[in-house]
Amino acid sequence: MSFYEDARVAVHRLVTEPLENNVWIVVCRTTSEAVIIDAAGEPDRIIYAVKPYQPVAILTTHGHFDHVGAAPAVKNALQIPFRIHAKDEHLAQLAADEPLADNEEIAVGALRMTAVHTPGHTPGSTCFVLSADEGDLLFSGDTLFPGGPGATRSKESSFEMIMKSLEQRLFTMTDETRILPGHGEDSTIGHERPFLPEWHARGW
C-alpha cells in the first residue's frame with residue numbers, strides 16, 4: 001500500500017533496521033520507473049519492494065552509515081547508480097557513480113525531482129523535492145524532522161549551517177509541502193515553520 005499516491009506518482013515507505021530508517025521508493029505511475037531514496041538497511045526487503053518497477057537510481061540524502069548500509073548490495077543486485085553529494089562520499093565510504101549537484105533535476109520517468117543541497121547535518125546533505133497533486137513532497141533525510149533540525153553534534157556538522165539551510169532553502173517552500181524525513185513520521189512546512197525561533201533559542 002502506498003504511503004502517498006496520486007495520478008502521477010506513488011510513494012512507498014519501508015522502515016528498516018538497525019535504526020528504523022525510512023527508505024522511500026518513488027514511482028512514476030506512467031512509466032513504472034522508480035528511485036530509491038536512502039538504501040539504508042535490509043537490502044533484500046528493498047530489492048523485493050522495487051520488483052514491480054524499473055528502478056533507475058539510489059538517491060542518498062547523506063553519508064551516515066545508517067542511510068547507506070544497504071546501498072552496495074542494492075546497487076549490485078539492481079545494476080543502478082549510487083548517487084550522493086561529493087562532499088559526503090568520505091562519510092559513506094562509497095564513491096558516487098554520479099555525484100548529486102545542487103538544483104539538479106532528476107528524471108524518474110515522466111516525473112522530475114529536484115536535488116537541494118542543505119549542508120549542516122553533514123557537509124553534503126541533500127534533500128529531494130517532487131511536485132505532487134496535493135503539494136510538494138520534500139524528502140528531507142536528517143536535515144529536517146517534525147520538531148526540529150537533525151543532529152549537529154558531530155565534528156562534520158554545524159548548527160549554524162543547518163539552520164541557514166532550513167531558513168534559506170526549505171522554509172521558502174509552501175505551507176502545504178509535506179516533509180518525509182529519514183526517520184519517523186511526516187509533517188508539513190506550515191506546521192514546522194513557526195517553531196524556528198524556538199529551535200534557534202535552544203541551539204539544537
# chains A, B, ... in the order shown; residues from 1 in each chain; ligands from 1
>>> residues_around(residues="segment 130-144 of chain A", least_positions_apart="4", cutoff="7 Å", atoms="only C-alpha atoms", output="JSON, numbers by chain")
{"A": [6, 61, 112, 113, 114, 121, 148, 149, 150, 176, 177, 178, 179, 180, 181, 182]}
>>> closest_atom_pairs(of="segment 139-180 of chain A", to="segment 83-95 of chain A", cutoff="12 Å", atoms="only C-alpha atoms", output="tab-separated table")
residue	atom	partner	partner_atom	distance
A:Ser154	CA	A:Leu91	CA	11.8
A:Lys155	CA	A:Leu91	CA	11.7
A:Glu156	CA	A:Leu91	CA	9.3
A:Ser157	CA	A:Asp88	CA	11.4
>>> write_last_selection(atoms="C-alpha atoms", output="mmCIF file, in the first residue's frame")
data_model
loop_
_atom_site.group_PDB
_atom_site.id
_atom_site.type_symbol
_atom_site.label_atom_id
_atom_site.label_comp_id
_atom_site.auth_asym_id
_atom_site.auth_seq_id
_atom_site.Cartn_x
_atom_site.Cartn_y
_atom_site.Cartn_z
ATOM 1 C CA SER A 154 29.487 15.587 15.301
ATOM 2 C CA LYS A 155 32.667 17.205 14.032
ATOM 3 C CA GLU A 156 31.459 17.405 10.414
ATOM 4 C CA SER A 157 28.156 19.082 11.315
#
>>> residues_around(residues="His12 of chain A", least_positions_apart="3", cutoff="12 Å", atoms="only C-alpha atoms", output="list in words")
Met1, Ser2, Phe3, Tyr4, Glu5, Val9, Val15, Asn22, Val23, Trp24, Ile25, Val26, Val27, Cys28, Ala34, Val35, Ile36, Ile37, Ile46, Ala49, Val50, Tyr53 and Leu180 of chain A
>>> select_by_dssp(residues="segment 12-197 of chain A", states="helix (DSSP H, G or I)", output="VMD selection string")
chain A and resid 43 to 49 65 to 68 71 to 78 86 to 92 159 to 170 189 to 197
>>> write_last_selection(atoms="C-alpha atoms", output="CSV table (one decimal), in the first residue's frame")
chain,number,residue,atom,x,y,z
A,43,PRO,CA,18.7,-4.9,1.2
A,44,ASP,CA,16.6,-7.9,0.5
A,45,ARG,CA,13.5,-6.0,1.5
A,46,ILE,CA,14.4,-3.1,-0.6
A,47,ILE,CA,15.1,-5.3,-3.7
A,48,TYR,CA,11.8,-7.1,-3.2
A,49,ALA,CA,9.9,-3.8,-2.8
A,65,PHE,CA,26.2,4.6,7.9
A,66,ASP,CA,22.5,4.1,8.7
A,67,HIS,CA,21.5,5.7,5.4
A,68,VAL,CA,23.9,3.7,3.1
A,71,ALA,CA,23.5,0.6,-0.9
A,72,PRO,CA,26.3,-1.7,-2.2
A,73,ALA,CA,24.1,-4.8,-2.2
A,74,VAL,CA,21.1,-3.0,-3.7
A,75,LYS,CA,23.3,-1.3,-6.3
A,76,ASN,CA,24.9,-4.6,-7.4
A,77,ALA,CA,21.6,-6.5,-7.4
A,78,LEU,CA,19.7,-4.0,-9.5
A,86,ALA,CA,30.5,14.5,-3.5
A,87,LYS,CA,31.1,16.2,0.0
A,88,ASP,CA,29.6,13.1,1.7
A,89,GLU,CA,31.4,10.3,-0.2
A,90,HIS,CA,34.1,10.1,2.6
A,91,LEU,CA,31.4,9.6,5.2
A,92,ALA,CA,29.6,7.0,3.2
A,159,PHE,CA,24.0,24.0,13.8
A,160,GLU,CA,24.5,27.4,12.2
A,161,MET,CA,24.7,25.9,8.8
A,162,ILE,CA,21.7,23.6,9.2
A,163,MET,CA,19.6,26.5,10.4
A,164,LYS,CA,20.7,28.5,7.4
A,165,SER,CA,19.7,25.6,5.1
A,166,LEU,CA,16.3,25.5,6.8
A,167,GLU,CA,15.7,29.2,6.5
A,168,GLN,CA,17.1,29.8,3.1
A,169,ARG,CA,16.2,26.6,1.3
A,170,LEU,CA,13.5,24.5,2.9
A,189,ILE,CA,6.4,23.0,6.3
A,190,GLY,CA,3.5,25.1,7.5
A,191,HIS,CA,3.3,23.1,10.8
A,192,GLU,CA,7.1,23.4,11.5
A,193,ARG,CA,7.9,26.9,10.3
A,194,PRO,CA,6.5,28.7,13.4
A,195,PHE,CA,9.0,26.9,15.7
A,196,LEU,CA,12.1,28.3,14.0
A,197,PRO,CA,12.7,30.9,16.7
>>> select_by_dssp(residues="segment 104-184 of chain A", states="strand (DSSP E)", output="PyMOL selection string")
chain A and resi 105-108+111-117+126-130+137-141+144-145+148-149+178-181
>>> write_last_selection(atoms="C-alpha atoms", output="tab-separated table (two decimals), in the first residue's frame")
chain	number	residue	atom	x	y	z
A	105	GLU	CA	16.71	17.99	-12.00
A	106	ILE	CA	16.41	14.22	-11.73
A	107	ALA	CA	14.15	12.39	-14.17
A	108	VAL	CA	12.08	9.47	-12.89
A	111	LEU	CA	8.40	12.83	-13.04
A	112	ARG	CA	11.03	15.47	-12.25
A	113	MET	CA	12.65	15.69	-8.83
A	114	THR	CA	15.00	18.46	-7.69
A	115	ALA	CA	18.09	17.93	-5.54
A	116	VAL	CA	18.54	20.66	-2.91
A	117	HIS	CA	21.91	20.88	-1.14
A	126	THR	CA	20.82	16.81	0.15
A	127	CYS	CA	17.03	16.88	0.10
A	128	PHE	CA	14.80	15.91	-2.80
A	129	VAL	CA	11.66	17.76	-3.85
A	130	LEU	CA	8.87	16.36	-6.00
A	137	LEU	CA	6.84	16.26	-1.31
A	138	LEU	CA	10.11	17.02	0.49
A	139	PHE	CA	12.37	14.05	1.21
A	140	SER	CA	14.40	15.70	3.95
A	141	GLY	CA	16.75	12.96	5.15
A	144	LEU	CA	14.53	18.34	8.98
A	145	PHE	CA	12.26	16.33	11.26
A	148	GLY	CA	13.48	20.41	14.64
A	149	PRO	CA	16.64	20.04	12.59
A	178	ARG	CA	4.88	17.55	3.05
A	179	ILE	CA	8.07	16.62	4.92
A	180	LEU	CA	9.08	12.96	4.53
A	181	PRO	CA	12.14	12.55	6.79
>>> closest_residue(among="A:Glu42, A:Glu33, A:Asp97, A:Glu20", to="Thr60 of chain A", atoms="only C-alpha atoms")
A:Asp97
